[in-house]
Every structure is written in structure tokens, then in C-alpha cells.
Amino acid sequence: MNSRRLGAFLLVTLMVLSVAGPSQAAISARQWSRLGLSRMGHHWSPNLNKPLFGRHLDLVPGQTEKRTFYVRNQSGEQARLRVSVNITNAHGSLQRDAFRVAARTRAGWWQHVRHTGSHAVLWRTMARGAVIPVTLRVRIRPRADNTSMDRGLRLQVKVRLSKRIR
Amino acid sequence: MTSNLASVGRVLANARTRAALSLGVVMAVGATGTFAYWTDSVPVTGTTFTAGTIDLQVNGADSVSGYTSLNISNMVPGNTVAGTLTIKNNGTAPMKYTATSTSAPAVLSGALTVTVTGASTVTGTSPSATCGGTALPGAGSTLGGATAASLISTGRQLNPGASETVCIQVGMPAGAPSSLQGASSAVTFTFTGTSDLS
């Protein structure tokens with residue numbers, strides 16, 4: 001082959017390959033989320049679709065509510081899991097010592113959240129394909145007095161899986 | 001210098017050389033590269049938690065004064081008087097309520113009998129008014145004096161918005177001592193609600 005044509009052929013081939021790469025990845029991302037969530041650990045989806053505790057929940061002193069959901073690393077490689085909760089006052093000022101929010105994985109220690117705002121409650125490395133249960137607990141102290149009546153908070157959870165790549 | 005430039009030009013003129021250099025440039029860019037992150041994050045829809053309320057009301061009020069259904073004058077042994085009260089949970093959380101009684105002066109406490117049933121109406125009229133039905137679980141049998149006596153000791157559950165009627169019957173037993181003649185007491189019933197359902 002003419003050397004000039006060969007050179008041009010090689011250059012064009014490289015360009016075609018580099019353009020094809022991201023598109024393939026984009027297609028893959030649409031079909032298979034890196035992060036899978038499940039309520040029971042059986043059926044997986046990119047999100048939980050419904051609130052973990054329902055949209056609204058009334059609690060009384062001494063009442064505890066716990067919910068567990070499962071996270072799966074579907075990225076095909078080791079990655080970093082981070083679960084954070086964001087607490088905002090839903091009804092005026094919140095009596096600080098009335099509500100208790102905590103999170104943990106499996107039988108680990110409870111990570112407590114004591115103030116409003118965004119807080120990372122869980123962070124760990126996940127092997128590819130690993131499944132981790134995450135439990136959230138919300139309760140009102142048994143000794144919360146009448147001043148806590150009708151006060152509340154709003155709880156949102158964010159799950160993030162990330163990986164530093166070259 | 002000119003010959004060197006010319007040599008370089010001849011080298012570049014060669015297609016293979018140009019291709020190789022192109023490859024080298026591309027590869028060099030890939031090798032030094034940049035660190036990037038991929039991140040996949042999912043928000044889980046939020047929930048609003050509210051501390052529930054309990055609001056116990058008697059006859060539609062937080063405090064009832066001037067309740068005269070149990071008023072009786074010139075009470076003699078065998079007389080009974082009865083009246084009903086409607087207890088309501090006006091809050092958002094279920095509650096259990098109990099009740100106690102006190103009287104002042106306490107001269108009649110312990111002497112008069114008390115019966116509490118779930119009847120919604122009084123049977124008969126004073127001084128022979130009675131409460132039908134059976135006594136509520138944990139219902140007291142005597143009036144308290146300075147120290148409160150249990151009127152309803154077994155907590156009765158009311159869900160939010162629910163109400164029920166209790167009938168309170170007070171009587172002077174046939175064997176009441178004559179020392180009670182002329183005595184008079186003002187009785188107070190206190191109803192207490194709690195969110196503790198245990």
C-alpha cells in the first residue's frame with residue numbers, strides 16, 4: 001500500500017475508535033445503572049420509587065420506626081458508597097432532643113444525626129457486585145414532653161456510588 | 001542549519017513518519033490523561049415526620065366548669081344521682097385516658113359510692129338516677145378526698161378523633177352514718193390522656 005495512504009488510514013482509524021468509545025459507554029449507562037437499589041434485596045431498580053417511610057409519619061414519644069433498603073454495586077468494579085441524610089425542619093423550630101435519627105449497615109454501629117442539615121452517615125468501599133443493607137431509624141425520645149407535640153422534621157436520603165478513574 | 005531543516009522536512013514528507021508521529025501524539029495525550037470520577041447518585045424520596053398530638057377534651061372542652069348534672073341537695077341514704085360526660089381525643093395520635101376524683105371538703109369522700117359505666121344516657125331522674133350497663137374495667141367505687149381516688153384506672157384507648165361517653169353514678173349507701181347529715185362537698189373529676197398505649 002502507498003505509505004501515504006497507510007498513514008491516512010491509521011489516523012482515521014484512531015479517530016473512529018475514540019469517537020465510538022464514549023457512545024458505547026453512554027449506551028451502557030442507559031441500560032444498566034451503576035447503582036442499584038432494592039427494598040427487599042430481590043428486585044433491583046435505579047431508585048426506590050416510593051418514600052422509605054411513606055410521605056408523612058406521625059410519631060409519639062417512645063415510638064421508633066426503622067426501614068431497611070439494599071444497595072448494590074453494579075458498576076463492574078470496586079467503588080465508594082456514601083449515604084447521606086438531609087434533615088430540615090418541617091414545622092417551625094425543632095426541639096433538638098426530641099427526635100433521633102440514625103443509620104447503619106448490617107449489624108454495625110448506629111451513626112447518629114443530631115442536627116439539621118446534610119450529614120454523611122455511611123461511607124465505605126463496595127466490591128463489584130456487592131450488596132449492602134442500609135437501615136435508617138427515626139424515633140422520639142420516650143421522655144419528650146408536650147412541647148414537642150406537633151413539631152417535626154423532613155428527612156431525605158441520598159445514596160451515591162463513585163469511582164475515581166483514569 | 002538549512003540542511004538540517006531540509007532533512008527534517010524530508011523526514012516529515014514521508015507518510016509513514018507522519019502517521020507514526022500522529023500515533024505518538026495521540027498516545028501521549030492518552031498516557032498523561034486526566035483523573036475523572038464517575039458518580040451515580042440516587043435520592044430517596046423524603047418523608048415528613050411529625051410528633052403527634054393528643055388533646056383530651058371533656059364535653060368538647062379542655063376544662064369543664066359548672067357541671068351540674070351530678071348536683072344533688074338533701075341527699076339521703078339510698079339516693080343516687082348520675083350524669084354523662086363525653087370524652088374525646090381531639091389530637092392526631094391515639095391515646096389512653098384514665099380518671100380520678102377528689103372532693104373538698106373531704107367529709108363525704110369514702111362515704112359515697114361511685115359507679116362508672118359506658119352508658120350514653122342516664123336512667124331515671126334524681127334522686128334515683130342511675131347508669132345502666134356494667135361498670136367499666138378498673139372503675140373506682142368511692143370518691144377521693146384531698147387525695148385523689150381512682151375513678152377509671154384501666155386506660156381506655158381513643159384513636160384520633162374518636163370519642164366515647166361515660167356515665168358516672170354517685171350514691172349514698174343505705175347504711176351511711178348519720179354523722180354525714182348536713183355535709184356538703186364539691187367534687188372534681190380529672191381525666192388524663194397519654195400517648196403511651198402500653
# chains A, B, ... in the order shown; residues from 1 in each chain; ligands from 1
call {"tool": "interface_residues", "arguments": {"of": "chain A", "to": "chain B", "cutoff": "6 Å", "atoms": "only C-alpha atoms", "output": "mmCIF file with N, CA and C atoms, in the first residue's frame"}}
result
data_model
loop_
_atom_site.group_PDB
_atom_site.id
_atom_site.type_symbol
_atom_site.label_atom_id
_atom_site.label_comp_id
_atom_site.auth_asym_id
_atom_site.auth_seq_id
_atom_site.Cartn_x
_atom_site.Cartn_y
_atom_site.Cartn_z
ATOM 1 N N SER A 3 2.481 4.391 1.118
ATOM 2 C CA SER A 3 2.738 4.763 2.508
ATOM 3 C C SER A 3 1.869 5.929 2.941
ATOM 4 N N ARG A 4 1.585 6.831 2.003
ATOM 5 C CA ARG A 4 0.750 7.965 2.396
ATOM 6 C C ARG A 4 -0.654 7.490 2.740
ATOM 7 N N GLY A 7 -0.677 5.868 6.109
ATOM 8 C CA GLY A 7 -0.667 6.823 7.214
ATOM 9 C C GLY A 7 -2.041 7.427 7.448
ATOM 10 N N PRO A 51 -41.265 6.726 48.840
ATOM 11 C CA PRO A 51 -40.536 7.114 50.063
ATOM 12 C C PRO A 51 -40.313 5.911 50.967
ATOM 13 N N ARG A 55 -44.853 9.185 52.867
ATOM 14 C CA ARG A 55 -44.697 10.636 52.714
ATOM 15 C C ARG A 55 -44.791 11.356 54.048
ATOM 16 N N HIS A 56 -45.594 10.843 54.972
ATOM 17 C CA HIS A 56 -45.793 11.535 56.233
ATOM 18 C C HIS A 56 -45.999 10.499 57.323
ATOM 19 N N LEU A 57 -45.350 10.702 58.451
ATOM 20 C CA LEU A 57 -45.464 9.751 59.543
ATOM 21 C C LEU A 57 -45.537 10.507 60.861
ATOM 22 N N ASP A 58 -46.580 10.194 61.656
ATOM 23 C CA ASP A 58 -46.724 10.772 62.988
ATOM 24 C C ASP A 58 -46.080 9.852 64.001
ATOM 25 N N LEU A 59 -45.317 10.421 64.883
ATOM 26 C CA LEU A 59 -44.683 9.639 65.935
ATOM 27 C C LEU A 59 -45.106 10.183 67.288
ATOM 28 N N VAL A 60 -45.066 9.310 68.290
ATOM 29 C CA VAL A 60 -45.321 9.725 69.662
ATOM 30 C C VAL A 60 -44.094 9.357 70.486
ATOM 31 N N MET A 149 -44.962 18.308 70.877
ATOM 32 C CA MET A 149 -46.156 17.952 70.094
ATOM 33 C C MET A 149 -46.260 18.830 68.866
ATOM 34 N N ASP A 150 -46.596 18.188 67.781
ATOM 35 C CA ASP A 150 -46.842 18.852 66.509
ATOM 36 C C ASP A 150 -45.581 19.428 65.875
ATOM 37 N N ARG A 151 -44.412 19.168 66.472
ATOM 38 C CA ARG A 151 -43.175 19.575 65.812
ATOM 39 C C ARG A 151 -42.722 18.431 64.920
ATOM 40 N N GLY A 152 -41.897 18.748 63.944
ATOM 41 C CA GLY A 152 -41.498 17.686 63.036
ATOM 42 C C GLY A 152 -40.230 18.003 62.302
ATOM 43 N N LEU A 153 -39.863 17.113 61.421
ATOM 44 C CA LEU A 153 -38.695 17.300 60.567
ATOM 45 C C LEU A 153 -38.931 16.574 59.263
ATOM 46 N N ARG A 154 -38.146 16.964 58.251
ATOM 47 C CA ARG A 154 -38.228 16.292 56.969
ATOM 48 C C ARG A 154 -36.897 15.593 56.729
ATOM 49 N N LEU A 155 -36.991 14.337 56.344
ATOM 50 C CA LEU A 155 -35.803 13.515 56.177
ATOM 51 C C LEU A 155 -35.684 13.088 54.727
ATOM 52 N N GLN A 156 -34.533 13.370 54.133
ATOM 53 C CA GLN A 156 -34.254 12.903 52.774
ATOM 54 C C GLN A 156 -32.946 12.144 52.790
ATOM 55 N N VAL A 157 -32.887 11.132 51.979
ATOM 56 C CA VAL A 157 -31.706 10.282 51.925
ATOM 57 C C VAL A 157 -31.114 10.341 50.520
ATOM 58 N N LYS A 158 -29.807 10.357 50.460
ATOM 59 C CA LYS A 158 -29.130 10.342 49.164
ATOM 60 C C LYS A 158 -28.078 9.237 49.176
ATOM 61 N N VAL A 159 -28.093 8.419 48.163
ATOM 62 C CA VAL A 159 -27.134 7.326 48.038
ATOM 63 C C VAL A 159 -26.234 7.626 46.849
ATOM 64 N N ARG A 160 -24.935 7.539 47.064
ATOM 65 C CA ARG A 160 -24.007 7.865 45.987
ATOM 66 C C ARG A 160 -22.931 6.799 45.890
ATOM 67 N N LEU A 161 -22.695 6.370 44.667
ATOM 68 C CA LEU A 161 -21.620 5.435 44.382
ATOM 69 C C LEU A 161 -20.664 6.143 43.443
ATOM 70 N N SER A 162 -19.391 6.122 43.755
ATOM 71 C CA SER A 162 -18.462 6.866 42.927
ATOM 72 C C SER A 162 -17.151 6.106 42.783
ATOM 73 N N LYS A 163 -16.424 6.496 41.741
ATOM 74 C CA LYS A 163 -15.168 5.821 41.451
ATOM 75 C C LYS A 163 -14.248 6.800 40.769
ATOM 76 N N ARG A 164 -13.018 6.819 41.225
ATOM 77 C CA ARG A 164 -12.026 7.666 40.594
ATOM 78 C C ARG A 164 -11.351 6.844 39.523
ATOM 79 N N ILE A 165 -11.378 7.337 38.294
ATOM 80 C CA ILE A 165 -10.827 6.557 37.181
ATOM 81 C C ILE A 165 -9.836 7.400 36.401
ATOM 82 N N ARG A 166 -9.022 6.714 35.650
ATOM 83 C CA ARG A 166 -8.087 7.395 34.762
ATOM 84 C C ARG A 166 -8.601 7.297 33.331
#
call {"tool": "residues_around", "arguments": {"residues": "Val166 (chain B)", "least_positions_apart": "5", "cutoff": "6 Å", "atoms": "only C-alpha atoms", "output": "ChimeraX atom specification"}}
result
/B:84-85,117-118
call {"tool": "select_by_dssp", "arguments": {"residues": "region 87-174 of chain B", "states": "strand (DSSP E or B)", "output": "VMD selection string"}}
result
chain B and resid 87 to 89 95 to 104 113 to 117 122 to 123 128 130 to 131 135 139 142 149 to 158 163 to 171
call {"tool": "write_last_selection", "arguments": {"atoms": "C-alpha atoms", "output": "PDB file, in the first residue's frame"}}
result
ATOM      1  CA  ILE B  87     -64.524  12.109  76.328  1.00  0.00           C
ATOM      2  CA  LYS B  88     -62.833  12.880  73.026  1.00  0.00           C
ATOM      3  CA  ASN B  89     -59.334  12.627  71.571  1.00  0.00           C
ATOM      4  CA  MET B  95     -54.213   7.938  73.416  1.00  0.00           C
ATOM      5  CA  LYS B  96     -55.363   6.185  76.522  1.00  0.00           C
ATOM      6  CA  TYR B  97     -57.127   8.043  79.285  1.00  0.00           C
ATOM      7  CA  THR B  98     -57.777   7.451  82.955  1.00  0.00           C
ATOM      8  CA  ALA B  99     -59.710   9.451  85.538  1.00  0.00           C
ATOM      9  CA  THR B 100     -59.561  10.296  89.223  1.00  0.00           C
ATOM     10  CA  SER B 101     -61.795  12.127  91.672  1.00  0.00           C
ATOM     11  CA  THR B 102     -61.162  14.474  94.559  1.00  0.00           C
ATOM     12  CA  SER B 103     -63.551  16.317  96.820  1.00  0.00           C
ATOM     13  CA  ALA B 104     -63.402  19.269  99.140  1.00  0.00           C
ATOM     14  CA  THR B 113     -70.352   5.189  96.323  1.00  0.00           C
ATOM     15  CA  VAL B 114     -69.333   5.707  92.746  1.00  0.00           C
ATOM     16  CA  THR B 115     -70.147   3.637  89.677  1.00  0.00           C
ATOM     17  CA  VAL B 116     -68.817   4.308  86.184  1.00  0.00           C
ATOM     18  CA  THR B 117     -70.304   2.617  83.124  1.00  0.00           C
ATOM     19  CA  VAL B 122     -78.909   8.347  82.401  1.00  0.00           C
ATOM     20  CA  THR B 123     -81.722   6.108  83.520  1.00  0.00           C
ATOM     21  CA  SER B 128     -82.962   7.953  91.694  1.00  0.00           C
ATOM     22  CA  THR B 130     -78.667   5.552  87.640  1.00  0.00           C
ATOM     23  CA  CYS B 131     -76.203   4.483  84.961  1.00  0.00           C
ATOM     24  CA  ALA B 135     -69.004  -0.997  85.414  1.00  0.00           C
ATOM     25  CA  ALA B 139     -63.719   1.708  87.647  1.00  0.00           C
ATOM     26  CA  THR B 142     -65.547   5.632  96.167  1.00  0.00           C
ATOM     27  CA  ALA B 149     -59.074   8.254  94.228  1.00  0.00           C
ATOM     28  CA  SER B 150     -59.153   6.252  91.043  1.00  0.00           C
ATOM     29  CA  LEU B 151     -62.300   6.728  89.011  1.00  0.00           C
ATOM     30  CA  ILE B 152     -61.130   4.906  85.860  1.00  0.00           C
ATOM     31  CA  SER B 153     -57.809   3.179  86.473  1.00  0.00           C
ATOM     32  CA  THR B 154     -57.616   0.959  83.401  1.00  0.00           C
ATOM     33  CA  GLY B 155     -56.617   3.140  80.479  1.00  0.00           C
ATOM     34  CA  ARG B 156     -59.260   3.422  77.789  1.00  0.00           C
ATOM     35  CA  GLN B 157     -57.956   3.941  74.282  1.00  0.00           C
ATOM     36  CA  LEU B 158     -59.300   6.588  71.987  1.00  0.00           C
ATOM     37  CA  SER B 163     -64.971   9.867  71.475  1.00  0.00           C
ATOM     38  CA  GLU B 164     -66.966   7.889  73.962  1.00  0.00           C
ATOM     39  CA  THR B 165     -69.437   8.612  76.708  1.00  0.00           C
ATOM     40  CA  VAL B 166     -69.048   7.558  80.308  1.00  0.00           C
ATOM     41  CA  CYS B 167     -71.809   7.609  82.881  1.00  0.00           C
ATOM     42  CA  ILE B 168     -70.932   8.439  86.496  1.00  0.00           C
ATOM     43  CA  GLN B 169     -73.343   7.488  89.237  1.00  0.00           C
ATOM     44  CA  VAL B 170     -72.903   8.714  92.816  1.00  0.00           C
ATOM     45  CA  GLY B 171     -74.996   7.301  95.608  1.00  0.00           C
TER      46      GLY B 171
END
call {"tool": "atom_distance", "arguments": {"atom1": "CA of Thr105 (chain A)", "atom2": "CA of Leu122 (chain A)"}}
result
7.8 Å
call {"tool": "closest_residue", "arguments": {"among": "A:Gln63, A:Thr68, A:Gly54, A:Ile132", "to": "Arg39 (chain A)", "atoms": "only C-alpha atoms"}}
result
A:Thr68
